>>> print(open('structure-v4.tsv').read())   # TSV, C-alpha atoms
chain	number	residue	atom	x	y	z
A	1	MET	CA	-78.00	54.02	-41.88
A	2	ASN	CA	-81.60	53.88	-40.63
A	3	ASN	CA	-83.50	53.89	-43.92
A	4	GLU	CA	-86.89	53.67	-42.22
A	5	THR	CA	-86.28	56.88	-40.23
A	6	LEU	CA	-84.89	58.70	-43.27
A	7	ALA	CA	-87.94	57.74	-45.34
A	8	ARG	CA	-90.23	58.94	-42.56
A	9	LEU	CA	-88.47	62.33	-42.41
A	10	GLU	CA	-88.68	62.72	-46.18
A	11	GLN	CA	-92.39	61.90	-46.11
A	12	GLU	CA	-92.92	64.37	-43.28
A	13	GLU	CA	-91.22	67.17	-45.23
A	14	THR	CA	-93.64	66.78	-48.16
A	15	GLU	CA	-96.82	66.16	-46.13
A	16	PRO	CA	-99.45	68.77	-47.11
A	17	SER	CA	-101.58	70.38	-44.43
A	18	PRO	CA	-105.39	70.25	-44.64
A	19	ALA	CA	-105.36	73.98	-45.44
A	20	LEU	CA	-103.06	73.43	-48.42
A	21	VAL	CA	-105.18	70.54	-49.71
A	22	THR	CA	-108.30	72.70	-49.53
A	23	GLU	CA	-106.69	75.70	-51.23
A	24	LEU	CA	-105.14	73.74	-54.09
A	25	ALA	CA	-108.45	71.95	-54.65
A	26	GLY	CA	-110.02	75.34	-55.31
A	27	LEU	CA	-107.16	76.69	-57.43
A	28	GLU	CA	-107.91	76.99	-61.12
A	29	GLY	CA	-105.52	75.27	-63.48
A	30	ASP	CA	-102.31	73.25	-63.43
A	31	ILE	CA	-99.08	74.18	-61.64
A	32	ILE	CA	-95.62	74.42	-63.22
A	33	ILE	CA	-92.46	74.62	-61.09
A	34	LEU	CA	-89.55	76.26	-62.91
A	35	GLY	CA	-86.37	75.06	-61.23
A	36	ALA	CA	-87.74	71.76	-59.92
A	37	SER	CA	-84.34	70.37	-58.97
A	38	GLY	CA	-81.80	71.82	-56.54
A	39	LYS	CA	-82.38	72.25	-52.81
A	40	VAL	CA	-86.06	73.21	-52.77
A	41	GLY	CA	-87.66	72.16	-56.05
A	42	PRO	CA	-88.07	68.39	-55.54
A	43	SER	CA	-89.75	68.59	-52.13
A	44	LEU	CA	-91.98	71.46	-53.32
A	45	ALA	CA	-93.10	69.44	-56.35
A	46	LEU	CA	-93.77	66.36	-54.24
A	47	MET	CA	-95.80	68.34	-51.71
A	48	ALA	CA	-97.87	69.90	-54.49
A	49	LYS	CA	-98.54	66.48	-56.02
A	50	ARG	CA	-99.52	64.97	-52.66
A	51	ALA	CA	-101.89	67.88	-51.96
A	52	ILE	CA	-103.57	67.52	-55.36
A	53	ASP	CA	-103.94	63.77	-54.88
A	54	ALA	CA	-105.40	64.24	-51.39
A	55	ALA	CA	-107.89	66.74	-52.80
A	56	GLY	CA	-108.93	64.32	-55.55
A	57	ALA	CA	-108.34	67.13	-58.05
A	58	LYS	CA	-107.40	66.61	-61.69
A	59	LYS	CA	-104.48	69.00	-61.92
A	60	ARG	CA	-101.07	68.48	-63.47
A	61	ILE	CA	-97.92	69.24	-61.51
A	62	ILE	CA	-95.09	69.91	-63.97
A	63	GLY	CA	-91.45	70.23	-62.94
A	64	VAL	CA	-88.97	71.94	-65.25
A	65	ALA	CA	-85.19	71.88	-64.79
A	66	ARG	CA	-81.96	70.74	-66.41
A	67	PHE	CA	-82.06	67.78	-63.98
A	68	SER	CA	-78.29	67.51	-63.86
A	69	GLU	CA	-78.41	65.80	-60.45
A	70	LYS	CA	-78.80	62.07	-60.83
A	71	GLY	CA	-82.02	60.47	-59.66
A	72	VAL	CA	-84.09	63.63	-59.05
A	73	ARG	CA	-86.12	63.40	-62.24
A	74	ASP	CA	-86.86	59.70	-61.74
A	75	LYS	CA	-88.02	60.34	-58.17
A	76	LEU	CA	-90.46	63.03	-59.31
A	77	MET	CA	-91.82	60.97	-62.17
A	78	GLN	CA	-92.36	57.96	-59.92
A	79	ALA	CA	-94.50	60.19	-57.70
A	80	GLY	CA	-96.62	61.32	-60.64
A	81	VAL	CA	-94.99	64.69	-61.26
A	82	GLU	CA	-94.61	65.42	-64.97
A	83	THR	CA	-91.10	66.55	-65.86
A	84	ILE	CA	-89.56	68.56	-68.68
A	85	GLU	CA	-85.80	68.75	-69.12
A	86	ALA	CA	-84.95	72.24	-70.31
A	87	ASP	CA	-82.26	74.91	-70.13
A	88	MET	CA	-84.38	78.02	-69.79
A	89	LEU	CA	-81.52	80.29	-70.82
A	90	ASP	CA	-82.07	78.78	-74.28
A	91	ASP	CA	-85.04	80.85	-75.47
A	92	ALA	CA	-86.29	78.15	-77.85
A	93	GLN	CA	-86.54	75.70	-74.95
A	94	LEU	CA	-88.21	78.30	-72.74
A	95	GLN	CA	-90.82	79.20	-75.36
A	96	ALA	CA	-91.58	75.50	-75.92
A	97	LEU	CA	-92.81	75.11	-72.33
A	98	PRO	CA	-96.57	74.68	-71.93
A	99	GLU	CA	-98.76	77.62	-70.96
A	100	VAL	CA	-99.81	76.99	-67.36
A	101	PRO	CA	-101.96	79.29	-65.15
A	102	ASN	CA	-99.89	78.83	-61.98
A	103	VAL	CA	-96.10	79.26	-61.95
A	104	LEU	CA	-93.59	78.89	-59.14
A	105	TYR	CA	-90.25	80.36	-60.17
A	106	LEU	CA	-87.31	78.84	-58.26
A	107	VAL	CA	-84.50	79.44	-60.74
A	108	GLY	CA	-81.51	81.25	-59.27
A	109	ARG	CA	-77.75	81.25	-58.84
A	110	LYS	CA	-75.85	82.13	-55.67
A	111	PHE	CA	-72.69	80.14	-55.07
A	112	GLY	CA	-69.89	80.61	-57.54
A	113	THR	CA	-70.87	84.22	-58.18
A	114	GLN	CA	-67.39	85.47	-57.27
A	115	GLY	CA	-65.47	85.47	-60.54
A	116	ASN	CA	-68.53	84.53	-62.62
A	117	GLU	CA	-70.70	87.55	-61.96
A	118	TYR	CA	-71.90	87.67	-65.56
A	119	LEU	CA	-73.58	84.25	-65.27
A	120	THR	CA	-75.22	85.14	-61.97
A	121	TRP	CA	-76.68	88.30	-63.50
A	122	ALA	CA	-77.87	86.41	-66.59
A	123	ILE	CA	-79.70	83.80	-64.48
A	124	ASN	CA	-80.96	86.12	-61.74
A	125	ALA	CA	-81.82	89.27	-63.70
A	126	TYR	CA	-81.97	88.56	-67.46
A	127	LEU	CA	-83.87	85.26	-67.45
A	128	PRO	CA	-86.71	86.62	-65.25
A	129	GLY	CA	-87.68	89.03	-68.04
A	130	ARG	CA	-87.93	86.22	-70.57
A	131	VAL	CA	-89.95	84.09	-68.13
A	132	ALA	CA	-92.26	86.95	-67.14
A	133	ASP	CA	-92.99	87.66	-70.80
A	134	LYS	CA	-93.57	83.98	-71.59
A	135	PHE	CA	-95.96	83.51	-68.67
A	136	ARG	CA	-97.59	86.95	-68.83
A	137	SER	CA	-101.09	85.45	-68.40
A	138	SER	CA	-100.18	83.31	-65.37
A	139	ARG	CA	-99.93	83.85	-61.64
A	140	ILE	CA	-96.24	83.75	-60.65
A	141	VAL	CA	-94.74	83.17	-57.20
A	142	VAL	CA	-91.12	84.33	-57.49
A	143	PHE	CA	-88.62	82.91	-55.01
A	144	SER	CA	-86.47	85.77	-53.74
A	145	THR	CA	-84.29	86.28	-50.67
A	146	GLY	CA	-83.86	88.37	-47.56
A	147	ASN	CA	-80.34	89.12	-48.83
A	148	ILE	CA	-81.78	92.15	-50.61
A	149	TYR	CA	-82.26	93.87	-47.22
A	150	PRO	CA	-79.66	95.79	-45.22
A	151	PHE	CA	-78.20	94.35	-42.05
A	152	VAL	CA	-80.45	95.42	-39.17
A	153	PRO	CA	-79.91	95.58	-35.39
A	154	THR	CA	-80.24	92.18	-33.75
A	155	SER	CA	-82.41	93.90	-31.14
A	156	SER	CA	-84.94	94.81	-33.85
A	157	SER	CA	-87.78	92.66	-35.13
A	158	GLY	CA	-86.03	92.33	-38.51
A	159	ALA	CA	-86.48	93.98	-41.90
A	160	ARG	CA	-90.11	94.37	-42.95
A	161	GLU	CA	-91.53	94.16	-46.45
A	162	ASP	CA	-91.44	97.96	-46.68
A	163	THR	CA	-87.80	98.23	-45.56
A	164	PRO	CA	-85.86	99.84	-48.45
A	165	PRO	CA	-83.51	97.33	-50.09
A	166	GLU	CA	-79.75	97.73	-49.61
A	167	PRO	CA	-78.23	94.58	-51.11
A	168	VAL	CA	-74.60	93.84	-50.24
A	169	GLY	CA	-72.56	92.27	-53.03
A	170	GLU	CA	-73.38	91.27	-56.58
A	171	TYR	CA	-75.40	88.16	-55.71
A	172	ALA	CA	-77.82	90.17	-53.58
A	173	GLN	CA	-77.86	92.99	-56.13
A	174	SER	CA	-78.79	90.54	-58.89
A	175	CYS	CA	-81.59	89.19	-56.70
A	176	LEU	CA	-83.01	92.68	-56.37
A	177	GLY	CA	-82.63	92.88	-60.14
A	178	ARG	CA	-84.77	89.75	-60.45
A	179	GLU	CA	-87.50	91.34	-58.34
A	180	ARG	CA	-87.39	94.62	-60.28
A	181	VAL	CA	-87.61	92.87	-63.65
A	182	PHE	CA	-90.62	90.83	-62.57
A	183	GLU	CA	-92.11	93.99	-61.10
A	184	TYR	CA	-91.69	95.77	-64.45
A	185	PHE	CA	-93.48	93.03	-66.37
A	186	SER	CA	-96.22	92.90	-63.75
A	187	HIS	CA	-96.88	96.59	-64.33
A	188	ARG	CA	-96.57	96.29	-68.12
A	189	ASN	CA	-98.69	93.18	-68.63
A	190	GLY	CA	-100.83	93.16	-65.50
A	191	THR	CA	-99.33	89.80	-64.50
A	192	PRO	CA	-100.19	88.89	-60.88
A	193	ILE	CA	-96.93	88.19	-59.01
A	194	LEU	CA	-95.79	87.52	-55.45
A	195	GLN	CA	-92.17	88.16	-54.40
A	196	PHE	CA	-91.38	85.34	-51.93
A	197	ARG	CA	-88.46	86.63	-49.82
A	198	LEU	CA	-87.21	83.48	-48.08
A	199	ASN	CA	-84.42	83.09	-45.52
A	200	TYR	CA	-83.25	80.61	-44.34
A	201	ALA	CA	-84.97	77.31	-45.21
A	202	VAL	CA	-83.87	74.26	-43.22
A	203	GLY	CA	-84.06	71.13	-45.37
A	204	LEU	CA	-82.94	67.54	-44.98
A	205	GLY	CA	-79.17	67.62	-45.31
A	206	TYR	CA	-78.69	71.35	-45.79
A	207	GLY	CA	-79.35	74.73	-44.21
A	208	VAL	CA	-77.98	76.92	-41.44
A	209	LEU	CA	-78.67	74.30	-38.76
A	210	HIS	CA	-76.94	71.60	-40.82
A	211	ASP	CA	-73.90	73.89	-41.22
A	212	ILE	CA	-73.71	74.62	-37.49
A	213	LEU	CA	-74.12	70.95	-36.57
A	214	HIS	CA	-71.26	69.94	-38.88
A	215	ALA	CA	-69.02	72.66	-37.47
A	216	VAL	CA	-69.67	71.37	-33.95
A	217	LYS	CA	-69.07	67.75	-34.97
A	218	ASN	CA	-65.87	68.55	-36.85
A	219	GLY	CA	-64.48	70.92	-34.24
A	220	ASP	CA	-64.49	73.84	-36.69
A	221	PRO	CA	-64.68	77.38	-35.29
A	222	ILE	CA	-68.11	78.95	-35.72
A	223	ASP	CA	-67.97	82.58	-36.85
A	224	LEU	CA	-70.21	84.60	-34.55
A	225	ARG	CA	-70.07	87.93	-36.37
A	226	ASN	CA	-73.49	87.12	-37.81
A	227	GLY	CA	-74.64	86.11	-34.37
A	228	ALA	CA	-78.37	85.86	-35.07
A	229	VAL	CA	-80.39	84.16	-37.81
A	230	ASN	CA	-83.93	83.38	-38.89
A	231	VAL	CA	-84.76	79.83	-40.00
A	232	ILE	CA	-87.85	77.99	-41.19
A	233	TRP	CA	-88.51	74.33	-41.94
A	234	GLN	CA	-88.61	73.66	-45.68
A	235	GLY	CA	-91.88	71.81	-45.22
A	236	ASP	CA	-93.41	75.06	-43.96
A	237	SER	CA	-91.83	77.34	-46.55
A	238	ASN	CA	-92.94	75.02	-49.37
A	239	GLU	CA	-96.51	75.09	-48.09
A	240	TYR	CA	-96.42	78.88	-47.83
A	241	ALA	CA	-95.13	79.12	-51.41
A	242	LEU	CA	-97.98	77.03	-52.79
A	243	ARG	CA	-100.58	78.87	-50.74
A	244	SER	CA	-99.08	82.18	-51.92
A	245	LEU	CA	-100.50	81.63	-55.41
A	246	LYS	CA	-103.81	83.11	-54.29
A	247	TYR	CA	-102.10	86.33	-53.11
A	248	CYS	CA	-100.38	87.14	-56.41
A	249	SER	CA	-101.26	90.65	-57.56
A	250	SER	CA	-100.27	93.49	-59.84
A	251	PRO	CA	-98.31	95.42	-58.64
A	252	PRO	CA	-96.55	92.46	-57.00
A	253	PHE	CA	-97.33	91.39	-53.44
A	254	VAL	CA	-94.16	91.20	-51.30
A	255	LEU	CA	-93.86	88.61	-48.53
A	256	ASN	CA	-91.08	87.84	-46.05
A	257	VAL	CA	-90.93	84.12	-45.28
A	258	THR	CA	-89.06	82.74	-42.28
A	259	GLY	CA	-89.59	81.60	-38.71
A	260	PRO	CA	-90.78	83.85	-35.88
A	261	GLU	CA	-87.58	83.75	-33.79
A	262	THR	CA	-84.42	85.77	-33.91
A	263	ALA	CA	-82.24	82.77	-33.12
A	264	SER	CA	-78.83	83.00	-31.48
A	265	VAL	CA	-76.10	81.18	-33.42
A	266	ARG	CA	-74.22	80.62	-30.16
A	267	TRP	CA	-77.28	79.04	-28.52
A	268	ILE	CA	-77.95	76.78	-31.53
A	269	ALA	CA	-74.34	75.57	-31.48
A	270	GLU	CA	-74.54	74.89	-27.76
A	271	GLU	CA	-77.73	72.86	-28.25
A	272	PHE	CA	-76.03	70.77	-30.91
A	273	GLY	CA	-73.04	70.42	-28.60
A	274	LYS	CA	-75.25	68.71	-26.02
A	275	LEU	CA	-76.55	66.27	-28.65
A	276	VAL	CA	-73.12	65.57	-30.17
A	277	GLY	CA	-71.27	65.52	-26.87
A	278	LYS	CA	-68.73	68.16	-27.89
A	279	GLU	CA	-68.14	71.74	-26.84
A	280	PRO	CA	-68.56	74.16	-29.76
A	281	ILE	CA	-65.61	76.30	-30.76
A	282	PHE	CA	-66.38	79.95	-31.48
A	283	ALA	CA	-64.51	82.66	-33.38
A	284	TYR	CA	-64.93	86.43	-33.20
A	285	GLU	CA	-67.73	88.20	-31.33
A	286	GLU	CA	-71.36	88.87	-32.17
A	287	GLN	CA	-71.86	92.09	-34.13
A	288	PRO	CA	-74.80	94.39	-33.32
A	289	THR	CA	-76.38	93.77	-36.75
A	290	ALA	CA	-77.38	90.74	-38.83
A	291	LEU	CA	-79.45	89.79	-41.87
A	292	LEU	CA	-82.88	89.36	-40.29
A	293	SER	CA	-86.46	89.44	-41.61
A	294	ASN	CA	-89.79	90.13	-39.96
A	295	ALA	CA	-92.26	87.51	-41.22
A	296	SER	CA	-95.28	88.57	-39.16
A	297	LEU	CA	-97.33	89.26	-42.31
A	298	CYS	CA	-96.65	85.74	-43.55
A	299	HIS	CA	-97.71	84.25	-40.21
A	300	SER	CA	-100.88	86.32	-40.16
A	301	LEU	CA	-101.83	84.86	-43.57
A	302	PHE	CA	-100.81	81.24	-43.07
A	303	GLY	CA	-100.32	80.73	-39.33
A	304	TYR	CA	-97.11	79.97	-37.48
A	305	PRO	CA	-94.76	77.30	-38.87
A	306	ARG	CA	-95.59	73.74	-37.91
A	307	LYS	CA	-92.00	73.05	-36.82
A	308	THR	CA	-90.48	75.05	-33.97
A	309	LEU	CA	-86.81	75.96	-33.77
A	310	ARG	CA	-86.12	73.34	-31.11
A	311	GLU	CA	-87.88	70.69	-33.21
A	312	LEU	CA	-85.76	71.70	-36.21
A	313	ILE	CA	-82.59	71.27	-34.19
A	314	HIS	CA	-83.61	67.74	-33.22
A	315	LEU	CA	-84.82	66.94	-36.76
A	316	THR	CA	-81.43	68.05	-38.16
A	317	TRP	CA	-79.64	65.89	-35.60
A	318	GLU	CA	-81.90	62.89	-36.30
A	319	TRP	CA	-81.20	63.10	-40.04
A	320	GLU	CA	-77.46	63.28	-39.37
A	321	ARG	CA	-77.48	60.54	-36.72
A	322	CYS	CA	-79.36	58.15	-39.02
A	323	GLY	CA	-76.89	58.63	-41.88
A	324	GLY	CA	-78.93	61.01	-44.00
A	325	PRO	CA	-76.95	62.39	-46.94
A	326	SER	CA	-75.70	65.96	-47.01
A	327	LEU	CA	-76.36	68.08	-50.10
A	328	ALA	CA	-72.88	69.58	-49.57
A	329	LYS	CA	-74.23	73.07	-50.26
A	330	PRO	CA	-73.16	75.32	-47.35
A	331	THR	CA	-75.32	78.39	-46.83
A	332	HIS	CA	-72.41	80.75	-46.03
A	333	PHE	CA	-74.74	82.43	-43.55
A	334	THR	CA	-71.72	83.98	-41.84
A	335	GLU	CA	-70.86	86.10	-44.91
A	336	ARG	CA	-71.12	89.84	-44.26
A	337	GLN	CA	-69.47	91.22	-47.43
A	338	GLY	CA	-71.82	89.59	-49.94
A	339	ARG	CA	-69.10	87.46	-51.55
A	340	PHE	CA	-70.59	84.16	-52.69
>>> encode(input="structure-v4.tsv", output="structure tokens")
Amino acid sequence: MNNETLARLEQEETEPSPALVTELAGLEGDIIILGASGKVGPSLALMAKRAIDAAGAKKRIIGVARFSEKGVRDKLMQAGVETIEADMLDDAQLQALPEVPNVLYLVGRKFGTQGNEYLTWAINAYLPGRVADKFRSSRIVVFSTGNIYPFVPTSSSGAREDTPPEPVGEYAQSCLGRERVFEYFSHRNGTPILQFRLNYAVGLGYGVLHDILHAVKNGDPIDLRNGAVNVIWQGDSNEYALRSLKYCSSPPFVLNVTGPETASVRWIAEEFGKLVGKEPIFAYEEQPTALLSNASLCHSLFGYPRKTLRELIHLTWEWERCGGPSLAKPTHFTERQGRF
């Protein structure tokens, strides 16, 4: 294991851009991240803290989660992020959270929905109403997903923000429920909100590229029915989320967040095959539609992502080659029936 390389990649993922440093310096008030563990929360919190420190601003970054994964809370606290352990489904614990002007809402449930639909709906559609009411005077960036859109032709530029939702399956339906509940409270209370429709983030040890790389390495067939994907580096999506605070509005602002390419799954697998030294194995044929988003509005606001698709492929391979741990959380990007 090359610990020096792994540490460098982790630092790179949480490095704030000059634009982010400038914008957070001018942002009024502290920032609270609800759901500061999991795949995205820790790196988002660390980036926010590094940006505040670089700006020389006196702002608190507060991370809230159950922190069931060992070591995450300690890592955040060592970096200067304040942490609160809380189960937000417990209303007493939710109401005890401090009032903070800037909220990033990352709480959500996807995997394990099949057979436990009630819990997915409670987390994705009931809890948002309690949170929106609690933080009615705050700006709220709500993490959502491109899964709320219909499958679109792979020859298209992807679903736009004004594409009517057609969620497939109960997970995606509950995510639309989350958006609608926040939208209701935005209208009722005038709360400025931004719906952050992200797909798919590529992090260290997880994501679509990680899944494809492992399939190539292990000789597992790669399902091509979803033959095209969008991906974005988590370092870029985290920056966009923090910079989105200034675009919160009532009614809510809606923003697709992903990379600019419609990327071929077959091509990505073949690129990994060259690095691994193995021929990918494919199953089925590419279908004419896929779950794709058009993020041109996002890029017009924040610029293109700092990491290109080819760079992400090599970053994913470098993390794997140097012994970086896997989060063991497959994306199931091949799923077309909405069963998670």
>>> closest_residue(input="structure-v4.tsv", among="A:Gly219, A:Gly324, A:Pro305, A:Thr334", to="A:Ile281", atoms="only C-alpha atoms")
A:Gly219
>>> atom_distance(input="structure-v4.tsv", atom1="atom CA of A:Leu275", atom2="atom CA of A:Asp220")
16.4 Å
>>> residues_around(input="structure-v4.tsv", residues="A:Met88", least_positions_apart="5", cutoff="8 Å", atoms="all atoms listed in the file", output="list in words")
Ala65, Gln93, Leu94 and Leu127 of chain A
>>> residues_around(input="structure-v4.tsv", residues="A:His214", least_positions_apart="5", cutoff="12 Å", atoms="all atoms listed in the file", output="MDAnalysis selection string")
chainID A and resid 205:209 219:222 269 272:273 276 278 280:281 316:317 320:321 326 328 330
>>> write_last_selection(input="structure-v4.tsv", atoms="C-alpha atoms", output="PDB file, in the coordinates of the input")
ATOM      1  CA  GLY A 205     -79.170  67.620 -45.310  1.00  0.00           C
ATOM      2  CA  TYR A 206     -78.690  71.350 -45.790  1.00  0.00           C
ATOM      3  CA  GLY A 207     -79.350  74.730 -44.210  1.00  0.00           C
ATOM      4  CA  VAL A 208     -77.980  76.920 -41.440  1.00  0.00           C
ATOM      5  CA  LEU A 209     -78.670  74.300 -38.760  1.00  0.00           C
ATOM      6  CA  GLY A 219     -64.480  70.920 -34.240  1.00  0.00           C
ATOM      7  CA  ASP A 220     -64.490  73.840 -36.690  1.00  0.00           C
ATOM      8  CA  PRO A 221     -64.680  77.380 -35.290  1.00  0.00           C
ATOM      9  CA  ILE A 222     -68.110  78.950 -35.720  1.00  0.00           C
ATOM     10  CA  ALA A 269     -74.340  75.570 -31.480  1.00  0.00           C
ATOM     11  CA  PHE A 272     -76.030  70.770 -30.910  1.00  0.00           C
ATOM     12  CA  GLY A 273     -73.040  70.420 -28.600  1.00  0.00           C
ATOM     13  CA  VAL A 276     -73.120  65.570 -30.170  1.00  0.00           C
ATOM     14  CA  LYS A 278     -68.730  68.160 -27.890  1.00  0.00           C
ATOM     15  CA  PRO A 280     -68.560  74.160 -29.760  1.00  0.00           C
ATOM     16  CA  ILE A 281     -65.610  76.300 -30.760  1.00  0.00           C
ATOM     17  CA  THR A 316     -81.430  68.050 -38.160  1.00  0.00           C
ATOM     18  CA  TRP A 317     -79.640  65.890 -35.600  1.00  0.00           C
ATOM     19  CA  GLU A 320     -77.460  63.280 -39.370  1.00  0.00           C
ATOM     20  CA  ARG A 321     -77.480  60.540 -36.720  1.00  0.00           C
ATOM     21  CA  SER A 326     -75.700  65.960 -47.010  1.00  0.00           C
ATOM     22  CA  ALA A 328     -72.880  69.580 -49.570  1.00  0.00           C
ATOM     23  CA  PRO A 330     -73.160  75.320 -47.350  1.00  0.00           C
TER      24      PRO A 330
END
>>> residues_around(input="structure-v4.tsv", residues="A:Phe340", least_positions_apart="5", cutoff="9 Å", atoms="only C-alpha atoms", output="short mmCIF file (atom, residue, chain, number, x, y, z; two decimals) with C-alpha atoms, in the frame of the given file")
data_model
loop_
_atom_site.label_atom_id
_atom_site.label_comp_id
_atom_site.auth_asym_id
_atom_site.auth_seq_id
_atom_site.Cartn_x
_atom_site.Cartn_y
_atom_site.Cartn_z
CA LYS A 110 -75.85 82.13 -55.67
CA PHE A 111 -72.69 80.14 -55.07
CA GLY A 112 -69.89 80.61 -57.54
CA THR A 113 -70.87 84.22 -58.18
CA GLN A 114 -67.39 85.47 -57.27
CA GLY A 169 -72.56 92.27 -53.03
CA GLU A 170 -73.38 91.27 -56.58
CA TYR A 171 -75.40 88.16 -55.71
CA HIS A 332 -72.41 80.75 -46.03
CA GLU A 335 -70.86 86.10 -44.91
#
>>> closest_residue(input="structure-v4.tsv", among="A:Ala215, A:Leu315, A:Ile31, A:Cys298", to="A:Glu12", atoms="all atoms listed in the file")
A:Leu315
>>> closest_residue(input="structure-v4.tsv", among="A:Thr5, A:Ile61, A:Arg130, A:Trp121", to="A:Gln95", atoms="only C-alpha atoms")
A:Arg130
>>> residues_around(input="structure-v4.tsv", residues="A:Ala295", least_positions_apart="5", cutoff="8 Å", atoms="only C-alpha atoms", output="CSV table (one decimal) with C-alpha atoms, keeping the file's coordinate frame")
chain,number,residue,atom,x,y,z
A,160,ARG,CA,-90.1,94.4,-43.0
A,255,LEU,CA,-93.9,88.6,-48.5
A,256,ASN,CA,-91.1,87.8,-46.0
A,257,VAL,CA,-90.9,84.1,-45.3
A,258,THR,CA,-89.1,82.7,-42.3
A,259,GLY,CA,-89.6,81.6,-38.7
A,260,PRO,CA,-90.8,83.8,-35.9
>>> closest_residue(input="structure-v4.tsv", among="A:Val40, A:Ala57, A:Leu27, A:Ile148", to="A:Asp236", atoms="all atoms listed in the file")
A:Val40
>>> atom_distance(input="structure-v4.tsv", atom1="atom CA of A:Glu239", atom2="atom CA of A:Asp53")
15.1 Å
>>> closest_residue(input="structure-v4.tsv", among="A:His299, A:Arg136, A:Arg225, A:His314", to="A:Gln337", atoms="only C-alpha atoms")
A:Arg225
>>> atom_distance(input="structure-v4.tsv", atom1="atom CA of A:Leu106", atom2="atom CA of A:Pro150")
22.7 Å
>>> closest_residue(input="structure-v4.tsv", among="A:Phe182, A:Ile232, A:Val152, A:Phe253", to="A:Leu292", atoms="all atoms listed in the file")
A:Val152
>>> residues_around(input="structure-v4.tsv", residues="A:Pro165", least_positions_apart="2", cutoff="12 Å", atoms="only C-alpha atoms", output="ChimeraX atom specification")
/A:145-152,159-163,167-168,172-173,175-177,179-180,197,291,293
>>> decode(input="structure-v4.tsv", residues="stretch 81-120 of chain A", atoms="C-alpha atoms", output="compact mmCIF listing (two decimals), in the first residue's frame")
# COMPACT_ATOMS: atom_id res chain seq x y z
CA VAL A 81 -15.03 20.25 11.92
CA GLU A 82 -17.50 20.34 14.81
CA THR A 83 -19.58 17.17 15.01
CA ILE A 84 -22.94 16.26 16.50
CA GLU A 85 -24.06 12.65 16.77
CA ALA A 86 -27.78 12.54 16.11
CA ASP A 87 -30.52 10.35 14.64
CA MET A 88 -32.60 12.95 12.86
CA LEU A 89 -35.60 10.64 12.64
CA ASP A 90 -35.84 11.22 16.40
CA ASP A 91 -37.60 14.60 16.46
CA ALA A 92 -36.18 15.56 19.86
CA GLN A 93 -32.64 15.12 18.51
CA LEU A 94 -33.50 17.02 15.33
CA GLN A 95 -35.00 19.96 17.21
CA ALA A 96 -31.94 20.11 19.48
CA LEU A 97 -29.66 20.93 16.54
CA PRO A 98 -28.36 24.51 16.43
CA GLU A 99 -29.99 27.09 14.18
CA VAL A 100 -27.53 27.68 11.33
CA PRO A 101 -28.03 29.99 8.30
CA ASN A 102 -26.54 27.60 5.74
CA VAL A 103 -27.63 23.96 5.47
CA LEU A 104 -26.47 21.18 3.17
CA TYR A 105 -28.88 18.26 3.35
CA LEU A 106 -27.24 14.94 2.39
CA VAL A 107 -29.49 12.50 4.25
CA GLY A 108 -30.93 9.77 2.06
CA ARG A 109 -31.46 6.04 1.67
CA LYS A 110 -31.08 4.04 -1.55
CA PHE A 111 -29.71 0.54 -1.14
CA GLY A 112 -31.85 -1.90 0.78
CA THR A 113 -35.05 -0.24 -0.40
CA GLN A 114 -36.38 -3.52 -1.82
CA GLY A 115 -38.31 -5.11 1.02
CA ASN A 116 -37.89 -2.09 3.32
CA GLU A 117 -39.73 0.50 1.29
CA TYR A 118 -41.32 2.03 4.39
CA LEU A 119 -37.92 3.05 5.80
CA THR A 120 -36.78 4.52 2.50
